[in-house]
Amino acid sequence: MREQSVRVSQRKGGAPMSRARRLSTAKHEAGHVIPMLALSLPFKNVEIIPGEITIDTPNMGFVLDRSDLCLGVVRTDAVAWIVGGCQMNAEDRIMQSLAGVAAEQIDWKRPVFGRGDWVGRSLGDMAEAEAYADLLDLVSLKPLFDRAWKLLRRYRKAHAALVEALLEKSLLTYEDCVAIWEANRG
């Protein structure tokens, strides 16, 4: 089991992590969290991990930008889902997968959705969304991407508070996220 002490704020070589990379990752991961909170679905935690990542690091679906590395992950809680009888329908699962990139565009007047825009860590999100879309025979993911973006805009204050908390602490528990959600969802 991985220790929770990976919360370093420097990248490989000791140079400070760029705020832009950390901010982008925090927005992305907070974007994945908002649909789960809106649907009252539990998870273990959300984390942004700036710094050196080794081959032993669990798969997190990340951008490997060797000059400025910052990963993020939302860890689900399978036991809580089973015990609580939690379910997420396929369309909500697709929306949650697409919400990371939608969150990176939360301040835009109109979101941009194009297959060529999904790079690095986002390719895993797109692949997951496409797998679910194939099960449903969906022709386009764009309506669900737009739905994710609109949900994030509706809960913009909660998203911003989650982003700031991630930038400050790097790791937030489900309980932390729920408290932030309840204080800021409006």
# chains A, B, ... in the order shown; residues from 1 in each chain; ligands from 1
>>> residues_around(residues="Arg93 of chain A", least_positions_apart="3", cutoff="10 Å", atoms="only C-alpha atoms", output="list in words")
Pro35, Met36, Gln87, Met88, Asn89, Ala90, Gln96, Ser97, Leu98, Ala99, Glu128, Ala129, Tyr132, Ala133 and Leu144 of chain A
>>> residues_around(residues="segment 27-34 of chain A", least_positions_apart="6", cutoff="7 Å", atoms="only C-alpha atoms", output="MDAnalysis selection string")
chainID A and resid 72:74 96:97 99:101 103:104 152 159 162:163
>>> write_last_selection(atoms="all heavy atoms", output="CSV table (one decimal), in the first residue's frame")
chain,number,residue,atom,x,y,z
A,72,GLY,N,-2.4,13.5,-10.9
A,72,GLY,CA,-3.6,13.6,-10.0
A,72,GLY,C,-4.4,12.3,-10.0
A,72,GLY,O,-4.3,11.5,-11.0
A,73,VAL,N,-5.1,12.0,-9.0
A,73,VAL,CA,-5.9,10.8,-8.9
A,73,VAL,C,-7.1,11.0,-7.9
A,73,VAL,O,-6.9,11.7,-6.9
A,73,VAL,CB,-5.0,9.6,-8.5
A,73,VAL,CG1,-4.5,9.8,-7.1
A,73,VAL,CG2,-5.8,8.3,-8.6
A,74,VAL,N,-8.2,10.4,-8.3
A,74,VAL,CA,-9.3,10.3,-7.4
A,74,VAL,C,-9.4,8.8,-7.1
A,74,VAL,O,-9.6,8.0,-8.0
A,74,VAL,CB,-10.6,10.8,-8.0
A,74,VAL,CG1,-11.8,10.6,-7.0
A,74,VAL,CG2,-10.6,12.3,-8.4
A,96,GLN,N,-18.6,11.9,-15.7
A,96,GLN,CA,-17.5,12.0,-14.7
A,96,GLN,C,-16.1,11.9,-15.3
A,96,GLN,O,-15.2,12.6,-14.9
A,96,GLN,CB,-17.8,11.0,-13.6
A,96,GLN,CG,-17.0,11.2,-12.3
A,96,GLN,CD,-15.7,10.5,-12.2
A,96,GLN,OE1,-15.5,9.5,-12.9
A,96,GLN,NE2,-14.9,11.0,-11.3
A,97,SER,N,-16.0,11.0,-16.3
A,97,SER,CA,-14.7,10.8,-17.0
A,97,SER,C,-14.3,12.1,-17.7
A,97,SER,O,-13.1,12.5,-17.7
A,97,SER,CB,-14.7,9.6,-17.9
A,97,SER,OG,-14.9,8.4,-17.2
A,99,ALA,N,-15.3,15.1,-17.1
A,99,ALA,CA,-15.4,16.3,-16.2
A,99,ALA,C,-14.0,16.9,-15.9
A,99,ALA,O,-13.9,18.1,-15.7
A,99,ALA,CB,-16.1,16.0,-14.9
A,100,GLY,N,-12.9,16.1,-16.0
A,100,GLY,CA,-11.6,16.6,-15.7
A,100,GLY,C,-11.2,17.7,-16.7
A,100,GLY,O,-10.8,18.8,-16.4
A,101,VAL,N,-11.3,17.3,-18.0
A,101,VAL,CA,-11.0,18.3,-19.0
A,101,VAL,C,-12.0,19.4,-19.1
A,101,VAL,O,-11.6,20.6,-19.3
A,101,VAL,CB,-10.8,17.6,-20.4
A,101,VAL,CG1,-10.7,18.6,-21.5
A,101,VAL,CG2,-9.6,16.7,-20.4
A,103,ALA,N,-13.4,20.7,-16.6
A,103,ALA,CA,-13.0,21.6,-15.5
A,103,ALA,C,-11.8,22.5,-15.8
A,103,ALA,O,-11.7,23.6,-15.3
A,103,ALA,CB,-12.7,20.8,-14.2
A,104,GLU,N,-10.9,22.0,-16.6
A,104,GLU,CA,-9.8,22.8,-17.1
A,104,GLU,C,-10.3,24.0,-17.9
A,104,GLU,O,-9.6,25.0,-18.0
A,104,GLU,CB,-8.8,22.0,-17.8
A,104,GLU,CG,-8.0,20.9,-17.0
A,104,GLU,CD,-7.1,20.1,-17.8
A,104,GLU,OE1,-6.4,20.6,-18.7
A,104,GLU,OE2,-7.0,18.9,-17.5
A,152,LEU,N,-20.2,21.7,-13.8
A,152,LEU,CA,-19.1,22.4,-13.1
A,152,LEU,C,-19.3,23.9,-13.0
A,152,LEU,O,-19.0,24.5,-12.0
A,152,LEU,CB,-17.8,22.1,-13.9
A,152,LEU,CG,-17.3,20.6,-13.8
A,152,LEU,CD1,-16.3,20.3,-14.9
A,152,LEU,CD2,-16.8,20.3,-12.4
A,159,HIS,N,-16.1,24.0,-6.9
A,159,HIS,CA,-15.0,23.6,-7.6
A,159,HIS,C,-13.8,24.5,-7.3
A,159,HIS,O,-12.7,23.9,-7.0
A,159,HIS,CB,-15.3,23.7,-9.1
A,159,HIS,CG,-14.1,23.2,-10.0
A,159,HIS,ND1,-13.2,24.1,-10.5
A,159,HIS,CD2,-13.7,22.0,-10.4
A,159,HIS,CE1,-12.3,23.5,-11.2
A,159,HIS,NE2,-12.6,22.2,-11.1
A,162,LEU,N,-12.4,23.5,-3.9
A,162,LEU,CA,-11.7,22.3,-3.9
A,162,LEU,C,-10.3,22.5,-4.6
A,162,LEU,O,-9.3,21.9,-4.1
A,162,LEU,CB,-12.5,21.2,-4.7
A,162,LEU,CG,-13.7,20.6,-4.0
A,162,LEU,CD1,-14.6,19.9,-5.0
A,162,LEU,CD2,-13.3,19.7,-2.9
A,163,VAL,N,-10.3,23.2,-5.6
A,163,VAL,CA,-9.0,23.5,-6.3
A,163,VAL,C,-8.0,24.2,-5.3
A,163,VAL,O,-6.9,23.8,-5.2
A,163,VAL,CB,-9.2,24.4,-7.5
A,163,VAL,CG1,-7.8,24.9,-8.1
A,163,VAL,CG2,-9.9,23.6,-8.6
>>> atom_distance(atom1="atom CA of Ala165 of chain A", atom2="atom CA of Arg21 of chain A")
15.5 Å
>>> closest_residue(among="A:Leu141, A:Val112, A:Leu41, A:Leu23", to="Glu91 of chain A", atoms="only C-alpha atoms")
A:Leu141
>>> closest_residue(among="A:Leu136, A:Ala38, A:Ala131, A:Val178", to="Ala161 of chain A", atoms="only C-alpha atoms")
A:Val178
>>> select_by_dssp(residues="segment 135-184 of chain A", states="alpha helix (DSSP H)", output="mmCIF file with all heavy atoms, in the first residue's frame")
data_model
loop_
_atom_site.group_PDB
_atom_site.id
_atom_site.type_symbol
_atom_site.label_atom_id
_atom_site.label_comp_id
_atom_site.auth_asym_id
_atom_site.auth_seq_id
_atom_site.Cartn_x
_atom_site.Cartn_y
_atom_site.Cartn_z
ATOM 1 N N LEU A 135 -20.662 0.799 -25.206
ATOM 2 C CA LEU A 135 -21.692 -0.055 -24.599
ATOM 3 C C LEU A 135 -23.095 0.491 -24.842
ATOM 4 O O LEU A 135 -24.053 -0.264 -24.959
ATOM 5 C CB LEU A 135 -21.459 -0.183 -23.086
ATOM 6 C CG LEU A 135 -20.202 -0.923 -22.657
ATOM 7 C CD1 LEU A 135 -20.025 -0.820 -21.144
ATOM 8 C CD2 LEU A 135 -20.266 -2.386 -23.089
ATOM 9 N N LEU A 136 -23.194 1.821 -24.901
ATOM 10 C CA LEU A 136 -24.496 2.468 -25.090
ATOM 11 C C LEU A 136 -24.796 2.795 -26.545
ATOM 12 O O LEU A 136 -25.853 3.347 -26.854
ATOM 13 C CB LEU A 136 -24.539 3.774 -24.283
ATOM 14 C CG LEU A 136 -24.408 3.658 -22.776
ATOM 15 C CD1 LEU A 136 -24.364 5.039 -22.146
ATOM 16 C CD2 LEU A 136 -25.548 2.844 -22.199
ATOM 17 N N LYS A 142 -19.909 14.499 -27.080
ATOM 18 C CA LYS A 142 -19.992 15.940 -26.854
ATOM 19 C C LYS A 142 -21.152 16.353 -25.951
ATOM 20 O O LYS A 142 -20.959 17.181 -25.063
ATOM 21 C CB LYS A 142 -20.038 16.714 -28.167
ATOM 22 C CG LYS A 142 -19.983 18.224 -27.914
ATOM 23 C CD LYS A 142 -19.799 19.024 -29.158
ATOM 24 C CE LYS A 142 -19.711 20.506 -28.951
ATOM 25 N NZ LYS A 142 -20.150 21.075 -27.720
ATOM 26 N N PRO A 143 -22.369 15.802 -26.108
ATOM 27 C CA PRO A 143 -23.444 16.213 -25.201
ATOM 28 C C PRO A 143 -23.126 15.929 -23.722
ATOM 29 O O PRO A 143 -23.484 16.719 -22.850
ATOM 30 C CB PRO A 143 -24.650 15.394 -25.670
ATOM 31 C CG PRO A 143 -24.358 15.086 -27.095
ATOM 32 C CD PRO A 143 -22.865 14.928 -27.173
ATOM 33 N N LEU A 144 -22.427 14.836 -23.461
ATOM 34 C CA LEU A 144 -22.075 14.522 -22.077
ATOM 35 C C LEU A 144 -20.919 15.391 -21.583
ATOM 36 O O LEU A 144 -20.850 15.727 -20.399
ATOM 37 C CB LEU A 144 -21.766 13.038 -21.933
ATOM 38 C CG LEU A 144 -22.991 12.147 -22.140
ATOM 39 C CD1 LEU A 144 -22.611 10.678 -22.224
ATOM 40 C CD2 LEU A 144 -24.021 12.377 -21.050
ATOM 41 N N PHE A 145 -20.021 15.761 -22.491
ATOM 42 C CA PHE A 145 -18.966 16.717 -22.139
ATOM 43 C C PHE A 145 -19.600 18.065 -21.785
ATOM 44 O O PHE A 145 -19.259 18.679 -20.778
ATOM 45 C CB PHE A 145 -17.981 16.877 -23.298
ATOM 46 C CG PHE A 145 -16.906 17.893 -23.051
ATOM 47 C CD1 PHE A 145 -15.797 17.578 -22.285
ATOM 48 C CD2 PHE A 145 -17.005 19.170 -23.586
ATOM 49 C CE1 PHE A 145 -14.803 18.513 -22.043
ATOM 50 C CE2 PHE A 145 -16.018 20.113 -23.358
ATOM 51 C CZ PHE A 145 -14.912 19.779 -22.591
ATOM 52 N N ASP A 146 -20.552 18.504 -22.615
ATOM 53 C CA ASP A 146 -21.258 19.765 -22.346
ATOM 54 C C ASP A 146 -22.014 19.694 -21.018
ATOM 55 O O ASP A 146 -22.037 20.657 -20.256
ATOM 56 C CB ASP A 146 -22.223 20.097 -23.482
ATOM 57 C CG ASP A 146 -21.510 20.471 -24.777
ATOM 58 O OD1 ASP A 146 -20.306 20.807 -24.729
ATOM 59 O OD2 ASP A 146 -22.156 20.412 -25.841
ATOM 60 N N ARG A 147 -22.606 18.541 -20.750
ATOM 61 C CA ARG A 147 -23.312 18.354 -19.470
ATOM 62 C C ARG A 147 -22.349 18.469 -18.295
ATOM 63 O O ARG A 147 -22.660 19.100 -17.277
ATOM 64 C CB ARG A 147 -23.996 16.986 -19.479
ATOM 65 C CG ARG A 147 -24.835 16.715 -18.265
ATOM 66 C CD ARG A 147 -25.583 15.403 -18.424
ATOM 67 N NE ARG A 147 -25.733 14.806 -17.119
ATOM 68 C CZ ARG A 147 -25.843 13.523 -16.890
ATOM 69 N NH1 ARG A 147 -25.835 12.669 -17.896
ATOM 70 N NH2 ARG A 147 -25.973 13.063 -15.682
ATOM 71 N N ALA A 148 -21.159 17.883 -18.428
ATOM 72 C CA ALA A 148 -20.141 17.975 -17.371
ATOM 73 C C ALA A 148 -19.732 19.425 -17.160
ATOM 74 O O ALA A 148 -19.637 19.908 -16.030
ATOM 75 C CB ALA A 148 -18.924 17.121 -17.738
ATOM 76 N N TRP A 149 -19.502 20.137 -18.261
ATOM 77 C CA TRP A 149 -19.077 21.537 -18.168
ATOM 78 C C TRP A 149 -20.151 22.385 -17.499
ATOM 79 O O TRP A 149 -19.855 23.215 -16.641
ATOM 80 C CB TRP A 149 -18.744 22.058 -19.570
ATOM 81 C CG TRP A 149 -18.144 23.410 -19.591
ATOM 82 C CD1 TRP A 149 -16.842 23.741 -19.291
ATOM 83 C CD2 TRP A 149 -18.790 24.638 -19.952
ATOM 84 N NE1 TRP A 149 -16.656 25.095 -19.441
ATOM 85 C CE2 TRP A 149 -17.837 25.670 -19.854
ATOM 86 C CE3 TRP A 149 -20.078 24.960 -20.365
ATOM 87 C CZ2 TRP A 149 -18.142 26.995 -20.143
ATOM 88 C CZ3 TRP A 149 -20.374 26.276 -20.650
ATOM 89 C CH2 TRP A 149 -19.412 27.279 -20.534
ATOM 90 N N LYS A 150 -21.405 22.154 -17.855
ATOM 91 C CA LYS A 150 -22.515 22.914 -17.246
ATOM 92 C C LYS A 150 -22.658 22.596 -15.763
ATOM 93 O O LYS A 150 -22.912 23.492 -14.953
ATOM 94 C CB LYS A 150 -23.823 22.627 -17.983
ATOM 95 C CG LYS A 150 -23.869 23.284 -19.349
ATOM 96 C CD LYS A 150 -25.116 22.892 -20.117
ATOM 97 C CE LYS A 150 -25.063 23.482 -21.516
ATOM 98 N NZ LYS A 150 -26.118 22.976 -22.380
ATOM 99 N N LEU A 151 -22.481 21.337 -15.391
ATOM 100 C CA LEU A 151 -22.529 20.962 -13.979
ATOM 101 C C LEU A 151 -21.418 21.671 -13.206
ATOM 102 O O LEU A 151 -21.647 22.226 -12.121
ATOM 103 C CB LEU A 151 -22.391 19.445 -13.820
ATOM 104 C CG LEU A 151 -22.368 18.938 -12.379
ATOM 105 C CD1 LEU A 151 -23.780 18.918 -11.803
ATOM 106 C CD2 LEU A 151 -21.757 17.548 -12.314
ATOM 107 N N LEU A 152 -20.233 21.695 -13.783
ATOM 108 C CA LEU A 152 -19.101 22.366 -13.137
ATOM 109 C C LEU A 152 -19.342 23.867 -13.022
ATOM 110 O O LEU A 152 -19.010 24.477 -12.004
ATOM 111 C CB LEU A 152 -17.810 22.079 -13.902
ATOM 112 C CG LEU A 152 -17.345 20.627 -13.804
ATOM 113 C CD1 LEU A 152 -16.328 20.327 -14.877
ATOM 114 C CD2 LEU A 152 -16.799 20.324 -12.425
ATOM 115 N N ARG A 153 -19.907 24.462 -14.044
ATOM 116 C CA ARG A 153 -20.208 25.898 -13.987
ATOM 117 C C ARG A 153 -21.264 26.175 -12.915
ATOM 118 O O ARG A 153 -21.187 27.181 -12.214
ATOM 119 C CB ARG A 153 -20.693 26.392 -15.349
ATOM 120 C CG ARG A 153 -19.666 26.263 -16.469
ATOM 121 C CD ARG A 153 -18.771 27.418 -16.576
ATOM 122 N NE ARG A 153 -19.528 28.590 -16.976
ATOM 123 C CZ ARG A 153 -18.983 29.684 -17.434
ATOM 124 N NH1 ARG A 153 -17.680 29.762 -17.558
ATOM 125 N NH2 ARG A 153 -19.714 30.717 -17.747
ATOM 126 N N ARG A 154 -22.233 25.278 -12.785
ATOM 127 C CA ARG A 154 -23.265 25.440 -11.757
ATOM 128 C C ARG A 154 -22.647 25.416 -10.353
ATOM 129 O O ARG A 154 -23.076 26.154 -9.479
ATOM 130 C CB ARG A 154 -24.288 24.316 -11.893
ATOM 131 C CG ARG A 154 -25.370 24.344 -10.836
ATOM 132 C CD ARG A 154 -26.358 23.239 -11.037
ATOM 133 N NE ARG A 154 -27.319 23.215 -9.956
ATOM 134 C CZ ARG A 154 -28.131 22.220 -9.732
ATOM 135 N NH1 ARG A 154 -28.116 21.153 -10.520
ATOM 136 N NH2 ARG A 154 -28.975 22.268 -8.724
ATOM 137 N N ARG A 156 -19.452 26.097 -9.616
ATOM 138 C CA ARG A 156 -18.154 26.755 -9.792
ATOM 139 C C ARG A 156 -17.499 27.124 -8.457
ATOM 140 O O ARG A 156 -16.295 26.963 -8.273
ATOM 141 C CB ARG A 156 -18.329 27.995 -10.653
ATOM 142 C CG ARG A 156 -17.054 28.763 -10.883
ATOM 143 C CD ARG A 156 -17.335 30.000 -11.664
ATOM 144 N NE ARG A 156 -17.119 29.683 -13.060
ATOM 145 C CZ ARG A 156 -17.266 30.540 -14.042
ATOM 146 N NH1 ARG A 156 -17.686 31.754 -13.807
ATOM 147 N NH2 ARG A 156 -17.033 30.192 -15.274
ATOM 148 N N LYS A 157 -18.293 27.641 -7.522
ATOM 149 C CA LYS A 157 -17.747 28.043 -6.223
ATOM 150 C C LYS A 157 -17.175 26.834 -5.473
ATOM 151 O O LYS A 157 -16.077 26.915 -4.906
ATOM 152 C CB LYS A 157 -18.836 28.730 -5.392
ATOM 153 C CG LYS A 157 -18.351 29.273 -4.076
ATOM 154 C CD LYS A 157 -19.467 29.989 -3.326
ATOM 155 C CE LYS A 157 -19.010 30.395 -1.931
ATOM 156 N NZ LYS A 157 -20.125 30.911 -1.131
ATOM 157 N N ALA A 158 -17.885 25.719 -5.481
ATOM 158 C CA ALA A 158 -17.391 24.505 -4.825
ATOM 159 C C ALA A 158 -16.141 23.993 -5.539
ATOM 160 O O ALA A 158 -15.176 23.565 -4.892
ATOM 161 C CB ALA A 158 -18.469 23.432 -4.805
ATOM 162 N N HIS A 159 -16.147 24.045 -6.869
ATOM 163 C CA HIS A 159 -14.976 23.611 -7.635
ATOM 164 C C HIS A 159 -13.756 24.461 -7.276
ATOM 165 O O HIS A 159 -12.682 23.936 -7.010
ATOM 166 C CB HIS A 159 -15.264 23.679 -9.139
ATOM 167 C CG HIS A 159 -14.114 23.248 -9.985
ATOM 168 N ND1 HIS A 159 -13.207 24.146 -10.494
ATOM 169 C CD2 HIS A 159 -13.705 22.009 -10.373
ATOM 170 C CE1 HIS A 159 -12.295 23.480 -11.179
ATOM 171 N NE2 HIS A 159 -12.577 22.188 -11.131
ATOM 172 N N ALA A 160 -13.942 25.781 -7.250
ATOM 173 C CA ALA A 160 -12.826 26.683 -6.923
ATOM 174 C C ALA A 160 -12.301 26.407 -5.515
ATOM 175 O O ALA A 160 -11.080 26.425 -5.285
ATOM 176 C CB ALA A 160 -13.271 28.140 -7.048
ATOM 177 N N ALA A 161 -13.198 26.137 -4.575
ATOM 178 C CA ALA A 161 -12.769 25.850 -3.199
ATOM 179 C C ALA A 161 -11.997 24.531 -3.131
ATOM 180 O O ALA A 161 -10.998 24.424 -2.409
ATOM 181 C CB ALA A 161 -13.979 25.817 -2.275
ATOM 182 N N LEU A 162 -12.429 23.530 -3.892
ATOM 183 C CA LEU A 162 -11.698 22.263 -3.943
ATOM 184 C C LEU A 162 -10.318 22.457 -4.566
ATOM 185 O O LEU A 162 -9.329 21.904 -4.084
ATOM 186 C CB LEU A 162 -12.489 21.218 -4.740
ATOM 187 C CG LEU A 162 -13.689 20.606 -4.041
ATOM 188 C CD1 LEU A 162 -14.564 19.861 -5.050
ATOM 189 C CD2 LEU A 162 -13.255 19.684 -2.915
ATOM 190 N N VAL A 163 -10.253 23.250 -5.627
ATOM 191 C CA VAL A 163 -8.971 23.524 -6.284
ATOM 192 C C VAL A 163 -8.008 24.189 -5.297
ATOM 193 O O VAL A 163 -6.853 23.763 -5.155
ATOM 194 C CB VAL A 163 -9.159 24.401 -7.540
ATOM 195 C CG1 VAL A 163 -7.825 24.926 -8.060
ATOM 196 C CG2 VAL A 163 -9.896 23.621 -8.619
ATOM 197 N N GLU A 164 -8.471 25.209 -4.606
ATOM 198 C CA GLU A 164 -7.602 25.901 -3.640
ATOM 199 C C GLU A 164 -7.143 24.970 -2.527
ATOM 200 O O GLU A 164 -5.988 25.004 -2.111
ATOM 201 C CB GLU A 164 -8.302 27.137 -3.068
ATOM 202 C CG GLU A 164 -8.393 28.282 -4.051
ATOM 203 C CD GLU A 164 -7.041 28.677 -4.655
ATOM 204 O OE1 GLU A 164 -6.054 28.826 -3.902
ATOM 205 O OE2 GLU A 164 -6.971 28.819 -5.887
ATOM 206 N N ALA A 165 -8.045 24.131 -2.037
ATOM 207 C CA ALA A 165 -7.676 23.187 -0.979
ATOM 208 C C ALA A 165 -6.655 22.164 -1.482
ATOM 209 O O ALA A 165 -5.710 21.816 -0.764
ATOM 210 C CB ALA A 165 -8.919 22.493 -0.441
ATOM 211 N N LEU A 166 -6.816 21.699 -2.728
ATOM 212 C CA LEU A 166 -5.832 20.779 -3.301
ATOM 213 C C LEU A 166 -4.473 21.443 -3.467
ATOM 214 O O LEU A 166 -3.437 20.825 -3.219
ATOM 215 C CB LEU A 166 -6.315 20.239 -4.653
ATOM 216 C CG LEU A 166 -7.252 19.053 -4.608
ATOM 217 C CD1 LEU A 166 -7.851 18.791 -5.988
ATOM 218 C CD2 LEU A 166 -6.536 17.815 -4.093
ATOM 219 N N LEU A 167 -4.472 22.694 -3.897
ATOM 220 C CA LEU A 167 -3.202 23.410 -4.046
ATOM 221 C C LEU A 167 -2.517 23.594 -2.691
ATOM 222 O O LEU A 167 -1.297 23.544 -2.598
ATOM 223 C CB LEU A 167 -3.427 24.764 -4.720
ATOM 224 C CG LEU A 167 -3.797 24.696 -6.195
ATOM 225 C CD1 LEU A 167 -4.190 26.080 -6.708
ATOM 226 C CD2 LEU A 167 -2.662 24.110 -7.026
ATOM 227 N N GLU A 168 -3.318 23.784 -1.664
ATOM 228 C CA GLU A 168 -2.762 23.992 -0.322
ATOM 229 C C GLU A 168 -2.302 22.690 0.323
ATOM 230 O O GLU A 168 -1.223 22.625 0.902
ATOM 231 C CB GLU A 168 -3.822 24.647 0.568
ATOM 232 C CG GLU A 168 -3.343 24.908 1.985
ATOM 233 C CD GLU A 168 -4.438 25.476 2.864
ATOM 234 O OE1 GLU A 168 -5.309 26.214 2.353
ATOM 235 O OE2 GLU A 168 -4.428 25.166 4.066
ATOM 236 N N LYS A 169 -3.107 21.634 0.212
ATOM 237 C CA LYS A 169 -2.837 20.400 0.963
ATOM 238 C C LYS A 169 -2.347 19.230 0.111
ATOM 239 O O LYS A 169 -1.835 18.267 0.653
ATOM 240 C CB LYS A 169 -4.104 19.955 1.695
ATOM 241 C CG LYS A 169 -4.592 20.946 2.724
ATOM 242 C CD LYS A 169 -5.845 20.414 3.391
ATOM 243 C CE LYS A 169 -6.377 21.394 4.406
ATOM 244 N NZ LYS A 169 -7.578 20.889 5.064
ATOM 245 N N TYR A 174 -12.343 12.170 1.410
ATOM 246 C CA TYR A 174 -13.744 12.314 1.028
ATOM 247 C C TYR A 174 -14.447 13.268 1.992
ATOM 248 O O TYR A 174 -15.203 14.142 1.569
ATOM 249 C CB TYR A 174 -14.425 10.934 1.028
ATOM 250 C CG TYR A 174 -15.913 10.990 0.824
ATOM 251 C CD1 TYR A 174 -16.447 11.340 -0.420
ATOM 252 C CD2 TYR A 174 -16.787 10.695 1.863
ATOM 253 C CE1 TYR A 174 -17.821 11.391 -0.616
ATOM 254 C CE2 TYR A 174 -18.162 10.740 1.666
ATOM 255 C CZ TYR A 174 -18.673 11.083 0.433
ATOM 256 O OH TYR A 174 -20.027 11.138 0.242
ATOM 257 N N GLU A 175 -14.158 13.118 3.280
ATOM 258 C CA GLU A 175 -14.785 13.975 4.291
ATOM 259 C C GLU A 175 -14.410 15.436 4.079
ATOM 260 O O GLU A 175 -15.252 16.328 4.233
ATOM 261 C CB GLU A 175 -14.401 13.504 5.698
ATOM 262 C CG GLU A 175 -14.981 12.147 6.081
ATOM 263 C CD GLU A 175 -14.263 10.947 5.450
ATOM 264 O OE1 GLU A 175 -13.121 11.105 4.938
ATOM 265 O OE2 GLU A 175 -14.859 9.850 5.440
ATOM 266 N N ASP A 176 -13.142 15.694 3.748
ATOM 267 C CA ASP A 176 -12.712 17.073 3.437
ATOM 268 C C ASP A 176 -13.529 17.627 2.271
ATOM 269 O O ASP A 176 -14.008 18.759 2.309
ATOM 270 C CB ASP A 176 -11.229 17.118 3.032
ATOM 271 C CG ASP A 176 -10.262 16.738 4.131
ATOM 272 O OD1 ASP A 176 -10.599 16.876 5.325
ATOM 273 O OD2 ASP A 176 -9.143 16.289 3.779
ATOM 274 N N CYS A 177 -13.666 16.808 1.231
ATOM 275 C CA CYS A 177 -14.377 17.246 0.024
ATOM 276 C C CYS A 177 -15.853 17.507 0.308
ATOM 277 O O CYS A 177 -16.412 18.497 -0.177
ATOM 278 C CB CYS A 177 -14.218 16.219 -1.087
ATOM 279 S SG CYS A 177 -12.524 16.081 -1.731
ATOM 280 N N VAL A 178 -16.462 16.647 1.097
ATOM 281 C CA VAL A 178 -17.874 16.835 1.442
ATOM 282 C C VAL A 178 -18.059 18.135 2.216
ATOM 283 O O VAL A 178 -18.983 18.895 1.946
ATOM 284 C CB VAL A 178 -18.433 15.618 2.226
ATOM 285 C CG1 VAL A 178 -19.786 15.935 2.844
ATOM 286 C CG2 VAL A 178 -18.527 14.393 1.316
ATOM 287 N N ALA A 179 -17.153 18.409 3.165
ATOM 288 C CA ALA A 179 -17.256 19.654 3.951
ATOM 289 C C ALA A 179 -17.110 20.867 3.043
ATOM 290 O O ALA A 179 -17.869 21.839 3.165
ATOM 291 C CB ALA A 179 -16.181 19.667 5.049
ATOM 292 N N ILE A 180 -16.172 20.818 2.107
ATOM 293 C CA ILE A 180 -15.979 21.925 1.164
ATOM 294 C C ILE A 180 -17.219 22.056 0.275
ATOM 295 O O ILE A 180 -17.713 23.156 0.022
ATOM 296 C CB ILE A 180 -14.700 21.708 0.332
ATOM 297 C CG1 ILE A 180 -13.467 21.860 1.232
ATOM 298 C CG2 ILE A 180 -14.636 22.664 -0.861
ATOM 299 C CD1 ILE A 180 -12.174 21.358 0.591
ATOM 300 N N TRP A 181 -17.730 20.942 -0.203
ATOM 301 C CA TRP A 181 -18.931 20.905 -1.049
ATOM 302 C C TRP A 181 -20.109 21.548 -0.337
ATOM 303 O O TRP A 181 -20.789 22.408 -0.876
ATOM 304 C CB TRP A 181 -19.218 19.452 -1.416
ATOM 305 C CG TRP A 181 -20.531 19.176 -2.070
ATOM 306 C CD1 TRP A 181 -21.615 18.585 -1.476
ATOM 307 C CD2 TRP A 181 -20.911 19.442 -3.414
ATOM 308 N NE1 TRP A 181 -22.641 18.462 -2.385
ATOM 309 C CE2 TRP A 181 -22.225 18.985 -3.594
ATOM 310 C CE3 TRP A 181 -20.264 20.019 -4.498
ATOM 311 C CZ2 TRP A 181 -22.907 19.072 -4.800
ATOM 312 C CZ3 TRP A 181 -20.943 20.124 -5.694
ATOM 313 C CH2 TRP A 181 -22.245 19.663 -5.839
ATOM 314 N N GLU A 182 -20.358 21.105 0.892
ATOM 315 C CA GLU A 182 -21.510 21.622 1.644
ATOM 316 C C GLU A 182 -21.390 23.117 1.954
ATOM 317 O O GLU A 182 -22.381 23.815 1.950
ATOM 318 C CB GLU A 182 -21.715 20.808 2.912
ATOM 319 C CG GLU A 182 -22.222 19.397 2.601
ATOM 320 C CD GLU A 182 -22.369 18.509 3.824
ATOM 321 O OE1 GLU A 182 -21.989 18.926 4.949
ATOM 322 O OE2 GLU A 182 -22.860 17.392 3.665
ATOM 323 N N ALA A 183 -20.174 23.581 2.158
ATOM 324 C CA ALA A 183 -19.974 24.994 2.461
ATOM 325 C C ALA A 183 -20.028 25.890 1.227
ATOM 326 O O ALA A 183 -20.234 27.094 1.346
ATOM 327 C CB ALA A 183 -18.626 25.187 3.159
ATOM 328 N N ASN A 184 -19.855 25.301 0.029
ATOM 329 C CA ASN A 184 -19.690 26.123 -1.171
ATOM 330 C C ASN A 184 -20.601 25.789 -2.353
ATOM 331 O O ASN A 184 -20.495 26.443 -3.390
ATOM 332 C CB ASN A 184 -18.244 26.035 -1.655
ATOM 333 C CG ASN A 184 -17.281 26.643 -0.681
ATOM 334 O OD1 ASN A 184 -17.151 27.855 -0.602
ATOM 335 N ND2 ASN A 184 -16.604 25.803 0.096
#
>>> select_by_dssp(residues="segment 22-163 of chain A", states="strand (DSSP E)", output="VMD selection string")
chain A and resid 43 to 50 70 to 76
>>> closest_residue(among="A:Ala80, A:Ala127, A:Val139, A:Ala20", to="Phe43 of chain A", atoms="only C-alpha atoms")
A:Ala80
